[in-house]
Amino acid sequence: MKIILLIACCASLLLSDTLDSLLQEYKTTSDNSLQTVNEKIGHVVIYSQKEIRLMQYTKLNDILKELPLFNINTNQFGLTNYSLTGSKTTTSGFFRFFINDHEISSGYDQSTSLSWGDLPLDFVDHVEIYYGESSFSFGNETGIYFVRIYTKSALKENSSEINSWITSKGSNSQSFTNSTSFENGWSYLMFLNQEKIKQTTIYNNQKLNSNGTKHYGYIDVSNETTKINMGYTDVSKNNYAGLAFDATPEGGKSLSKDFFINYTHYFLEDKSLKANLSVDVNDRSYDETETNARGIAIVPLITFPFGIPSGPKSYSEDLRFIKTNAYLSKSVDIEDNSFITAINVKNKTYDVQNRQSNTNSAIGRFSAFDEETISSLLFQDSYKLRNDLILVANTKLDYYDRNAYLKDSSETLLRVGAIYTPTENWGFKSFYTQTALTPSFYNVDYADKSKPKLKSQQYRFYTLEGVYTEGDSKFGITYDHVNIDDFIYLTPVGFINIDHTITTNGILFDYEYSFTDRDKIHLNYYTSSLSETINNSTKGGYIKYMGGYQKFDYFTSVIYRNGYDYKGLNIPDSFDMSLGVTYHATKDLSYSIKANNILDRSTQSLYFTNLGTSFFALDDNDRSVTFSFRWVF
């Protein structure tokens with residue numbers, strides 16, 4: 001299988017999907033993608049609704065797990081977590097997730113793992129993934145990857161839809177989507193989903209599980225100038241390995257409830273003035289106290305009597321986080337310049353409603369830092385120097401007003417770039433970016449006691465991309481170089497800033513060939529380097545084929561990640577192979593079957609016990625079969 005991937009690498013010099021819009025090659029991309037994609041923001045990969053259906057992507061992670069320069073793992077709570085190549089994080093703040101205009105990343109740790117992680121795609125039209133600093137146009141939170149999830153349009157769908165699936169492991173999901181458009185120009189879309197989670201594994205002769213339930217709700221009410229979105233999710237699940245010193249807790253359950261309302265309005269005849277207001281409320285708790293005879297690794301409560309780590313034997317908490325956001329932007333075109341100016345103010349609060357352990361019934365806050373207001377000012381200009389050359393420059397000024405602990409601070413972010421299409425077949429894109437990721441409430445709560453004053457992480461990117469299209473073939477290559485200063489790293493005793501510059505380099509090759517509008521093969525391979533000790537894959541790729549014949553659609557794919565050695569553990573190469581078939585009984589009713597991880601060669605995630613004195617690895621995915629159906633009426 002590795003030989004096949006290497007052959008694919010050699011055959012795929014000089015391809016990337018990210019310049020397709022510039023080269024007018026969106027043969028399989030939905031109309032909505034053409035309206036929303038913004039090539040000036042960064043390097044972008046698009047998954048159309050057509051591809052989502054052909055490949056039987058039922059949840060967001062089905063898409064994200066194949067992305068290059070990107071690793072998906074399972075953390076100690078049994079939650080999906082996203083990491084940059086070569087590294088594994090427990091909770092990542094590098095990724096920003098949006099449903100339409102609204103960011104759904106957590107106000108506590110900037111992650112979506114617990115509340116919105118692994119979102120079902122039944123109500124999704126298409127997904128755009130941007131690599132590189134893209135907060136200039138998407139709001140004031142900085143990041144590395146920006147995942148834009150666009151929901152179906154009521155004007156386009158105007159129907160009801162039922163989706164359901166069940167796996168051979170016992171997990172199952174049911175969803176209902178309804179959309180209607182009215183004669184007065186208004187329309188609405190409603191989505192409801194329930195999922196039952198079954199995920200178990202064996203470690204040290206004890207069963208670990210993250211079994212539980214998820215509920216999702218989403219409503220969109222809109223007309224030509226106004227959009228109102230509301231979303232709700234609640235998750236209740238067991239803690240898997242949890243925070244137990246020996247990674248085998250005797251009990252514990254996580255509970256999260258998340259609600260948001262988002263309002264967007266476009267002013268002026270050309271819709272060049274945009275206002276956005278939103279509120280998010282997230283309640284997160286340990287619904288059942290986590291217990292472990294060896295101790296619970298709550299960093300602020302760990303002591304070292306006689307040099308031996310000791311923690312509470314039980315722990316529970318009930319927390320509330322509130323985000324409010326206001327955004328106003330104005331765009332204007334003057335001759336060959338397209339300007340955008342925007343202001344943004346976001347307030348985040350952190351309330352400890354209850355926190356206790358077996359030794360303290362009223363722990364309260366871990367630090368005085370429980371409120372932050374971020375004020376941002378943005379300027380962007382894209383200048384059309386020639387018909388085939390666009391220059392892009394933007395800057396953003398962020399001011400962080402914190403109530404305590406960390407000092408108030410300011411960050412100046414900037415980016416310059418160029419998009420060059422010298423012929424109908426060739427395209428190039430390059431950006432240089434300086435950005436910063438500031439400490440979150442979570443980073444401060446779990447900071448190393450000996451070095452509690454965390455600094456912002458400073459990132460400097462350089463990316464270069466080229467693409468060549470010829471007939472039904474697309475070839476491309478993308479290179480990136482990143483320097484990181486003051487990287488925030490989680491040690492067994494808390495977060496610290498790394499005291500030296502971290503450097504990464506990556507190169508991506510891609511090839512795509514369309515036999516027909518329905519049949520396509522896509523090959524991808526990347527390799528990267530990291531200046532630090534690696535604890536995750538640094539190379540990977542995929543081969544996927546999708547097609548159809550009469551009433552049948554079918555696909556097969558293999559996703560590869562290389563193995564590595566860490567602390568005496570040998571993590572083998574992974575080959576996640578899937579295949580599936582969909583039968584369209586009518587144009588509105590279809591049945592599907594999908595075999596997952598056929599080779600039983602899943603990626604593995606690293607875990608540690610006793611504050612990093614020993615390590616072990618567990619598979620991220622089981623071999624399984626999924627049965628599903630879709631009915632539109």
# chains A, B, ... in the order shown; residues from 1 in each chain; ligands from 1
>>> closest_atom_pairs(of="region 463-565 of chain A", to="region 120-132 of chain A", cutoff="12 Å", atoms="only C-alpha atoms", output="JSON lines")
{"residue": "A:Thr463", "atom": "CA", "partner": "A:Gly132", "partner_atom": "CA", "distance": 8.3}
{"residue": "A:Leu464", "atom": "CA", "partner": "A:Gly132", "partner_atom": "CA", "distance": 11.3}
{"residue": "A:Glu465", "atom": "CA", "partner": "A:Tyr131", "partner_atom": "CA", "distance": 11.7}
{"residue": "A:Thr478", "atom": "CA", "partner": "A:Tyr131", "partner_atom": "CA", "distance": 11.0}
{"residue": "A:Tyr479", "atom": "CA", "partner": "A:Tyr131", "partner_atom": "CA", "distance": 11.7}
{"residue": "A:Asp480", "atom": "CA", "partner": "A:Gly132", "partner_atom": "CA", "distance": 9.5}
{"residue": "A:His481", "atom": "CA", "partner": "A:Gly132", "partner_atom": "CA", "distance": 10.9}
{"residue": "A:Val482", "atom": "CA", "partner": "A:Gly132", "partner_atom": "CA", "distance": 10.1}
>>> write_last_selection(atoms="all heavy atoms", output="tab-separated table (two decimals), in the first residue's frame")
chain	number	residue	atom	x	y	z
A	463	THR	N	4.25	30.88	2.63
A	463	THR	CA	3.65	29.81	1.84
A	463	THR	C	3.73	30.15	0.36
A	463	THR	O	3.63	31.31	-0.04
A	463	THR	CB	2.16	29.60	2.22
A	463	THR	OG1	1.45	30.84	2.04
A	463	THR	CG2	2.03	29.15	3.66
A	464	LEU	N	3.92	29.11	-0.45
A	464	LEU	CA	3.99	29.26	-1.90
A	464	LEU	C	3.24	28.10	-2.53
A	464	LEU	O	3.44	26.95	-2.15
A	464	LEU	CB	5.45	29.27	-2.38
A	464	LEU	CG	5.67	29.28	-3.90
A	464	LEU	CD1	5.13	30.57	-4.51
A	464	LEU	CD2	7.16	29.13	-4.21
A	465	GLU	N	2.38	28.41	-3.49
A	465	GLU	CA	1.54	27.39	-4.11
A	465	GLU	C	1.53	27.58	-5.62
A	465	GLU	O	1.47	28.70	-6.13
A	465	GLU	CB	0.12	27.53	-3.57
A	465	GLU	CG	-0.90	26.59	-4.18
A	465	GLU	CD	-2.29	26.89	-3.67
A	465	GLU	OE1	-2.44	27.76	-2.79
A	465	GLU	OE2	-3.24	26.25	-4.16
A	478	THR	N	2.38	22.70	-3.01
A	478	THR	CA	2.32	23.77	-2.01
A	478	THR	C	3.46	23.59	-1.02
A	478	THR	O	3.71	22.47	-0.55
A	478	THR	CB	0.98	23.76	-1.25
A	478	THR	OG1	-0.09	23.85	-2.18
A	478	THR	CG2	0.89	24.92	-0.28
A	479	TYR	N	4.16	24.68	-0.73
A	479	TYR	CA	5.27	24.66	0.24
A	479	TYR	C	4.96	25.64	1.35
A	479	TYR	O	4.44	26.74	1.10
A	479	TYR	CB	6.58	25.04	-0.44
A	479	TYR	CG	7.70	25.31	0.54
A	479	TYR	CD1	8.38	24.27	1.17
A	479	TYR	CD2	8.07	26.62	0.85
A	479	TYR	CE1	9.39	24.52	2.08
A	479	TYR	CE2	9.09	26.89	1.75
A	479	TYR	CZ	9.76	25.84	2.37
A	479	TYR	OH	10.76	26.10	3.27
A	480	ASP	N	5.26	25.25	2.61
A	480	ASP	CA	5.10	26.20	3.71
A	480	ASP	C	6.29	26.12	4.65
A	480	ASP	O	6.90	25.05	4.85
A	480	ASP	CB	3.80	25.94	4.47
A	480	ASP	CG	3.84	24.65	5.29
A	480	ASP	OD1	4.29	24.70	6.44
A	480	ASP	OD2	3.41	23.60	4.77
A	481	HIS	N	6.64	27.26	5.22
A	481	HIS	CA	7.71	27.38	6.21
A	481	HIS	C	7.16	28.22	7.35
A	481	HIS	O	6.62	29.32	7.13
A	481	HIS	CB	8.94	28.05	5.60
A	481	HIS	CG	10.00	28.35	6.61
A	481	HIS	ND1	10.94	27.42	6.99
A	481	HIS	CD2	10.27	29.47	7.33
A	481	HIS	CE1	11.75	27.96	7.89
A	481	HIS	NE2	11.36	29.20	8.11
A	482	VAL	N	7.28	27.71	8.59
A	482	VAL	CA	6.71	28.39	9.74
A	482	VAL	C	7.75	28.47	10.85
A	482	VAL	O	8.40	27.47	11.18
A	482	VAL	CB	5.45	27.66	10.27
A	482	VAL	CG1	4.81	28.45	11.40
A	482	VAL	CG2	4.45	27.41	9.16
>>> residues_around(residues="region 442-455 of chain A", least_positions_apart="3", cutoff="10 Å", atoms="only C-alpha atoms", output="PyMOL selection string")
chain A and resi 91+93+107-110+298-302+365-370+405-407+409+436-439+458+485-498
>>> residues_around(residues="Leu413 (chain A)", least_positions_apart="2", cutoff="7 Å", atoms="only C-alpha atoms", output="PDB file with all heavy atoms, in the first residue's frame")
ATOM      1  N   THR A 395      -3.639  44.319   7.507  1.00  0.00           N
ATOM      2  CA  THR A 395      -3.091  44.405   8.854  1.00  0.00           C
ATOM      3  C   THR A 395      -4.252  44.460   9.833  1.00  0.00           C
ATOM      4  O   THR A 395      -5.339  44.950   9.502  1.00  0.00           O
ATOM      5  CB  THR A 395      -2.186  45.645   9.019  1.00  0.00           C
ATOM      6  OG1 THR A 395      -1.577  45.628  10.319  1.00  0.00           O
ATOM      7  CG2 THR A 395      -2.984  46.933   8.862  1.00  0.00           C
ATOM      8  N   LYS A 396      -4.025  43.946  11.009  1.00  0.00           N
ATOM      9  CA  LYS A 396      -5.043  43.946  12.050  1.00  0.00           C
ATOM     10  C   LYS A 396      -4.390  44.281  13.379  1.00  0.00           C
ATOM     11  O   LYS A 396      -3.342  43.724  13.734  1.00  0.00           O
ATOM     12  CB  LYS A 396      -5.744  42.582  12.138  1.00  0.00           C
ATOM     13  CG  LYS A 396      -6.947  42.578  13.078  1.00  0.00           C
ATOM     14  CD  LYS A 396      -7.920  41.460  12.735  1.00  0.00           C
ATOM     15  CE  LYS A 396      -7.398  40.117  13.175  1.00  0.00           C
ATOM     16  NZ  LYS A 396      -7.547  39.913  14.627  1.00  0.00           N
ATOM     17  N   LEU A 397      -4.998  45.212  14.085  1.00  0.00           N
ATOM     18  CA  LEU A 397      -4.514  45.625  15.396  1.00  0.00           C
ATOM     19  C   LEU A 397      -5.455  45.065  16.454  1.00  0.00           C
ATOM     20  O   LEU A 397      -6.663  45.350  16.436  1.00  0.00           O
ATOM     21  CB  LEU A 397      -4.454  47.153  15.492  1.00  0.00           C
ATOM     22  CG  LEU A 397      -3.723  47.867  14.351  1.00  0.00           C
ATOM     23  CD1 LEU A 397      -3.844  49.387  14.511  1.00  0.00           C
ATOM     24  CD2 LEU A 397      -2.255  47.456  14.304  1.00  0.00           C
ATOM     25  N   GLU A 411      -1.427  43.301  19.905  1.00  0.00           N
ATOM     26  CA  GLU A 411      -0.748  42.526  18.869  1.00  0.00           C
ATOM     27  C   GLU A 411      -0.996  43.195  17.522  1.00  0.00           C
ATOM     28  O   GLU A 411      -2.112  43.641  17.241  1.00  0.00           O
ATOM     29  CB  GLU A 411      -1.273  41.084  18.819  1.00  0.00           C
ATOM     30  CG  GLU A 411      -1.134  40.302  20.108  1.00  0.00           C
ATOM     31  CD  GLU A 411       0.296  39.914  20.442  1.00  0.00           C
ATOM     32  OE1 GLU A 411       1.180  40.104  19.574  1.00  0.00           O
ATOM     33  OE2 GLU A 411       0.519  39.419  21.560  1.00  0.00           O
ATOM     34  N   GLN A 434       2.462  37.365   9.585  1.00  0.00           N
ATOM     35  CA  GLN A 434       2.857  37.428  10.997  1.00  0.00           C
ATOM     36  C   GLN A 434       1.587  37.476  11.837  1.00  0.00           C
ATOM     37  O   GLN A 434       0.720  38.322  11.609  1.00  0.00           O
ATOM     38  CB  GLN A 434       3.698  38.671  11.273  1.00  0.00           C
ATOM     39  CG  GLN A 434       5.075  38.646  10.672  1.00  0.00           C
ATOM     40  CD  GLN A 434       5.900  39.859  11.029  1.00  0.00           C
ATOM     41  OE1 GLN A 434       6.971  40.086  10.475  1.00  0.00           O
ATOM     42  NE2 GLN A 434       5.424  40.662  11.970  1.00  0.00           N
ATOM     43  N   THR A 435       1.466  36.552  12.786  1.00  0.00           N
ATOM     44  CA  THR A 435       0.282  36.509  13.626  1.00  0.00           C
ATOM     45  C   THR A 435       0.655  36.043  15.024  1.00  0.00           C
ATOM     46  O   THR A 435       1.795  35.644  15.280  1.00  0.00           O
ATOM     47  CB  THR A 435      -0.778  35.578  13.001  1.00  0.00           C
ATOM     48  OG1 THR A 435      -1.999  35.712  13.722  1.00  0.00           O
ATOM     49  CG2 THR A 435      -0.337  34.119  13.043  1.00  0.00           C
TER      50      THR A 435
END
>>> closest_residue(among="A:Thr291, A:Ser624, A:Ser87, A:Gln56", to="Thr504 (chain A)", atoms="only C-alpha atoms")
A:Ser87
>>> closest_atom_pairs(of="region 534-602 of chain A", to="region 153-164 of chain A", cutoff="12 Å", atoms="only C-alpha atoms", output="JSON lines")
{"residue": "A:Asp588", "atom": "CA", "partner": "A:Glu161", "partner_atom": "CA", "distance": 9.1}
{"residue": "A:Leu589", "atom": "CA", "partner": "A:Ile162", "partner_atom": "CA", "distance": 9.7}
{"residue": "A:Ser590", "atom": "CA", "partner": "A:Asn163", "partner_atom": "CA", "distance": 9.8}
{"residue": "A:Tyr591", "atom": "CA", "partner": "A:Ser164", "partner_atom": "CA", "distance": 9.9}
{"residue": "A:Ser592", "atom": "CA", "partner": "A:Ser164", "partner_atom": "CA", "distance": 10.3}
{"residue": "A:Ile593", "atom": "CA", "partner": "A:Ser164", "partner_atom": "CA", "distance": 11.9}
>>> residues_around(residues="Thr80 (chain A)", least_positions_apart="5", cutoff="10 Å", atoms="only C-alpha atoms", output="NGL selection string")
:A and (61 or 72-75 or 90-91 or 112-114 or 117-118 or 620)
>>> write_last_selection(atoms="all heavy atoms", output="compact mmCIF listing (two decimals), in the first residue's frame")
# COMPACT_ATOMS: atom_id res chain seq x y z
N ASN A 61 -15.55 14.98 10.79
CA ASN A 61 -14.25 14.32 10.91
C ASN A 61 -13.93 13.41 9.73
O ASN A 61 -12.77 13.12 9.46
CB ASN A 61 -14.17 13.53 12.21
CG ASN A 61 -13.95 14.43 13.41
OD1 ASN A 61 -13.58 15.58 13.26
ND2 ASN A 61 -14.21 13.91 14.59
N ILE A 72 -5.57 14.01 13.18
CA ILE A 72 -6.74 13.83 14.04
C ILE A 72 -6.45 12.69 15.00
O ILE A 72 -6.05 11.61 14.58
CB ILE A 72 -8.00 13.53 13.22
CG1 ILE A 72 -8.52 14.80 12.57
CG2 ILE A 72 -9.08 12.92 14.08
CD1 ILE A 72 -9.86 14.64 11.91
N ASN A 73 -6.63 12.95 16.28
CA ASN A 73 -6.40 11.94 17.30
C ASN A 73 -7.54 11.94 18.31
O ASN A 73 -8.42 12.79 18.26
CB ASN A 73 -5.07 12.19 18.02
CG ASN A 73 -3.88 12.07 17.11
OD1 ASN A 73 -3.29 13.06 16.70
ND2 ASN A 73 -3.51 10.84 16.76
N THR A 74 -7.48 10.99 19.23
CA THR A 74 -8.42 10.93 20.33
C THR A 74 -7.70 11.32 21.61
O THR A 74 -6.64 10.75 21.92
CB THR A 74 -9.00 9.50 20.47
OG1 THR A 74 -9.60 9.12 19.24
CG2 THR A 74 -10.05 9.45 21.58
N ASN A 75 -8.24 12.30 22.35
CA ASN A 75 -7.56 12.72 23.58
C ASN A 75 -8.02 11.86 24.75
O ASN A 75 -8.80 10.91 24.59
CB ASN A 75 -7.75 14.21 23.84
CG ASN A 75 -9.19 14.58 24.17
OD1 ASN A 75 -10.04 13.74 24.45
ND2 ASN A 75 -9.47 15.88 24.14
N THR A 90 -3.62 17.84 23.65
CA THR A 90 -4.82 17.39 24.35
C THR A 90 -6.02 18.21 23.93
O THR A 90 -7.10 17.69 23.65
CB THR A 90 -4.62 17.50 25.87
OG1 THR A 90 -3.54 16.65 26.25
CG2 THR A 90 -5.88 17.08 26.61
N THR A 91 -5.84 19.52 23.89
CA THR A 91 -6.87 20.45 23.42
C THR A 91 -6.18 21.50 22.59
O THR A 91 -5.24 22.15 23.06
CB THR A 91 -7.61 21.11 24.60
OG1 THR A 91 -8.20 20.09 25.40
CG2 THR A 91 -8.68 22.05 24.12
N THR A 112 -13.34 22.95 19.67
CA THR A 112 -14.74 22.54 19.47
C THR A 112 -14.96 21.09 19.92
O THR A 112 -16.05 20.55 19.72
CB THR A 112 -15.12 22.63 17.98
OG1 THR A 112 -14.28 21.73 17.23
CG2 THR A 112 -14.97 24.04 17.45
N SER A 113 -13.96 20.47 20.51
CA SER A 113 -13.99 19.02 20.73
C SER A 113 -15.22 18.54 21.48
O SER A 113 -15.87 17.57 21.09
CB SER A 113 -12.73 18.58 21.48
OG SER A 113 -11.59 18.73 20.67
N LEU A 114 -15.57 19.21 22.59
CA LEU A 114 -16.64 18.69 23.43
C LEU A 114 -18.01 19.05 22.90
O LEU A 114 -18.90 18.19 22.81
CB LEU A 114 -16.46 19.21 24.86
CG LEU A 114 -17.48 18.69 25.90
CD1 LEU A 114 -17.51 17.17 25.91
CD2 LEU A 114 -17.14 19.23 27.28
N GLY A 117 -17.71 19.24 18.22
CA GLY A 117 -16.81 18.34 17.51
C GLY A 117 -17.56 17.26 16.75
O GLY A 117 -18.62 16.78 17.19
N ASP A 118 -17.02 16.87 15.61
CA ASP A 118 -17.60 15.81 14.79
C ASP A 118 -19.04 16.10 14.41
O ASP A 118 -19.93 15.24 14.48
CB ASP A 118 -17.50 14.47 15.51
CG ASP A 118 -17.23 13.32 14.54
OD1 ASP A 118 -17.06 13.59 13.34
OD2 ASP A 118 -17.21 12.17 14.98
N ASP A 620 -7.27 4.88 17.32
CA ASP A 620 -8.28 5.93 17.28
C ASP A 620 -9.62 5.43 16.74
O ASP A 620 -10.67 5.95 17.11
CB ASP A 620 -7.81 7.09 16.39
CG ASP A 620 -6.64 7.85 17.01
OD1 ASP A 620 -6.71 8.13 18.22
OD2 ASP A 620 -5.68 8.16 16.29
>>> residues_around(residues="region 333-347 of chain A", least_positions_apart="4", cutoff="10 Å", atoms="only C-alpha atoms", output="NGL selection string")
:A and (107 or 136-137 or 139-141 or 272-279 or 322-329 or 371-387 or 390-394 or 396-402)
>>> residues_around(residues="Ile197 (chain A)", least_positions_apart="2", cutoff="10 Å", atoms="only C-alpha atoms", output="VMD selection string")
chain A and resid 169 to 173 194 to 195 199 to 200 209 to 214 236 to 238
>>> write_last_selection(atoms="all heavy atoms", output="compact mmCIF listing (two decimals), in the first residue's frame")
# COMPACT_ATOMS: atom_id res chain seq x y z
N LYS A 169 -20.87 -1.31 15.51
CA LYS A 169 -20.44 -1.16 16.90
C LYS A 169 -21.55 -0.65 17.81
O LYS A 169 -21.37 -0.56 19.02
CB LYS A 169 -19.24 -0.20 16.98
CG LYS A 169 -18.01 -0.71 16.24
CD LYS A 169 -17.47 -1.98 16.84
CE LYS A 169 -16.21 -2.46 16.13
NZ LYS A 169 -15.66 -3.69 16.73
N GLY A 170 -22.69 -0.30 17.22
CA GLY A 170 -23.82 0.12 18.03
C GLY A 170 -24.09 1.60 18.04
O GLY A 170 -25.15 2.04 18.53
N SER A 171 -23.16 2.43 17.52
CA SER A 171 -23.43 3.86 17.41
C SER A 171 -24.53 4.08 16.38
O SER A 171 -24.62 3.35 15.39
CB SER A 171 -22.17 4.62 16.99
OG SER A 171 -21.15 4.52 17.96
N ASN A 172 -25.35 5.10 16.60
CA ASN A 172 -26.40 5.38 15.64
C ASN A 172 -26.78 6.84 15.69
O ASN A 172 -26.51 7.55 16.66
CB ASN A 172 -27.63 4.49 15.86
CG ASN A 172 -28.24 4.69 17.24
OD1 ASN A 172 -28.99 5.63 17.47
ND2 ASN A 172 -27.91 3.78 18.17
N SER A 173 -27.43 7.31 14.61
CA SER A 173 -27.80 8.72 14.51
C SER A 173 -29.09 8.85 13.71
O SER A 173 -29.33 8.08 12.77
CB SER A 173 -26.68 9.51 13.81
OG SER A 173 -27.08 10.82 13.50
N GLN A 194 -29.98 13.56 16.75
CA GLN A 194 -29.62 12.82 17.96
C GLN A 194 -28.65 11.72 17.59
O GLN A 194 -28.84 11.01 16.60
CB GLN A 194 -30.85 12.21 18.62
CG GLN A 194 -30.51 11.28 19.80
CD GLN A 194 -31.73 10.66 20.43
OE1 GLN A 194 -32.39 11.30 21.24
NE2 GLN A 194 -32.06 9.43 20.05
N GLU A 195 -27.58 11.59 18.37
CA GLU A 195 -26.58 10.57 18.10
C GLU A 195 -26.26 9.81 19.39
O GLU A 195 -26.09 10.41 20.46
CB GLU A 195 -25.31 11.19 17.54
CG GLU A 195 -24.22 10.16 17.23
CD GLU A 195 -22.94 10.80 16.71
OE1 GLU A 195 -23.00 11.97 16.29
OE2 GLU A 195 -21.90 10.12 16.73
N GLN A 199 -18.07 3.86 22.02
CA GLN A 199 -16.64 3.82 21.77
C GLN A 199 -15.94 3.22 22.99
O GLN A 199 -15.93 3.82 24.06
CB GLN A 199 -16.08 5.21 21.49
CG GLN A 199 -14.59 5.24 21.19
CD GLN A 199 -14.08 6.64 20.94
OE1 GLN A 199 -14.85 7.59 20.89
NE2 GLN A 199 -12.77 6.78 20.80
N THR A 200 -15.38 2.03 22.83
CA THR A 200 -14.72 1.36 23.95
C THR A 200 -13.39 0.78 23.49
O THR A 200 -13.18 0.49 22.31
CB THR A 200 -15.59 0.22 24.52
OG1 THR A 200 -15.80 -0.76 23.50
CG2 THR A 200 -16.92 0.74 25.02
N ASN A 209 -14.17 3.69 28.11
CA ASN A 209 -15.23 4.01 27.15
C ASN A 209 -15.60 5.48 27.21
O ASN A 209 -15.45 6.14 28.25
CB ASN A 209 -16.45 3.11 27.37
CG ASN A 209 -17.33 3.59 28.51
OD1 ASN A 209 -18.15 4.48 28.33
ND2 ASN A 209 -17.17 2.98 29.69
N SER A 210 -16.04 5.98 26.07
CA SER A 210 -16.57 7.35 26.00
C SER A 210 -17.99 7.31 25.47
O SER A 210 -18.42 8.16 24.69
CB SER A 210 -15.68 8.22 25.11
OG SER A 210 -15.58 7.68 23.81
N ASN A 211 -18.75 6.29 25.89
CA ASN A 211 -20.14 6.14 25.48
C ASN A 211 -20.96 7.34 25.96
O ASN A 211 -20.71 7.90 27.03
CB ASN A 211 -20.74 4.86 26.05
CG ASN A 211 -20.03 3.62 25.55
OD1 ASN A 211 -19.31 3.67 24.55
ND2 ASN A 211 -20.23 2.51 26.23
N GLY A 212 -21.94 7.70 25.15
CA GLY A 212 -22.78 8.82 25.54
C GLY A 212 -23.77 9.18 24.46
O GLY A 212 -24.03 8.41 23.54
N THR A 213 -24.35 10.37 24.59
CA THR A 213 -25.32 10.87 23.63
C THR A 213 -25.00 12.31 23.24
O THR A 213 -24.42 13.06 24.03
CB THR A 213 -26.75 10.82 24.19
OG1 THR A 213 -26.80 11.60 25.39
CG2 THR A 213 -27.18 9.40 24.49
N LYS A 214 -25.39 12.66 22.01
CA LYS A 214 -25.26 14.04 21.52
C LYS A 214 -26.59 14.47 20.93
O LYS A 214 -27.29 13.68 20.30
CB LYS A 214 -24.19 14.14 20.43
CG LYS A 214 -22.77 13.87 20.86
CD LYS A 214 -21.82 14.05 19.67
CE LYS A 214 -20.37 13.77 20.05
NZ LYS A 214 -19.47 13.97 18.88
N SER A 236 -23.42 14.42 26.53
CA SER A 236 -23.20 13.73 27.79
C SER A 236 -22.45 12.44 27.48
O SER A 236 -22.94 11.60 26.73
CB SER A 236 -24.52 13.42 28.48
OG SER A 236 -24.32 12.68 29.67
N LYS A 237 -21.25 12.28 28.06
CA LYS A 237 -20.45 11.11 27.71
C LYS A 237 -19.49 10.76 28.83
O LYS A 237 -19.13 11.60 29.67
CB LYS A 237 -19.65 11.36 26.43
CG LYS A 237 -18.69 12.53 26.50
CD LYS A 237 -17.98 12.74 25.17
CE LYS A 237 -17.12 11.58 24.79
NZ LYS A 237 -16.07 11.31 25.80
N ASN A 238 -19.08 9.49 28.85
CA ASN A 238 -18.10 9.04 29.84
C ASN A 238 -16.72 9.58 29.50
O ASN A 238 -16.44 9.97 28.37
CB ASN A 238 -18.08 7.51 29.89
CG ASN A 238 -19.38 6.92 30.40
OD1 ASN A 238 -20.11 7.57 31.15
ND2 ASN A 238 -19.70 5.71 29.97
>>> atom_distance(atom1="CA of Ile99 (chain A)", atom2="CA of Thr233 (chain A)")
13.1 Å
>>> select_by_dssp(residues="region 148-364 of chain A", states="strand (DSSP E or B)", output="ChimeraX atom specification")
/A:148-151,160-167,172-181,187-197,200-203,206-209,212-222,226-238,244,251-267,273-291,296,303,310,314-334,337-357,360
>>> select_by_dssp(residues="region 149-357 of chain A", states="helix (DSSP H, G or I)", output="MDAnalysis selection string")
chainID A and resid 154:157 299:301 305:307
>>> atom_distance(atom1="CA of Ser111 (chain A)", atom2="CA of Phe94 (chain A)")
8.3 Å
>>> atom_distance(atom1="CA of Tyr526 (chain A)", atom2="CA of Gln457 (chain A)")
25.5 Å
>>> closest_residue(among="A:Tyr566, A:Phe245, A:Tyr203, A:Trp116", to="Tyr232 (chain A)", atoms="only C-alpha atoms")
A:Trp116
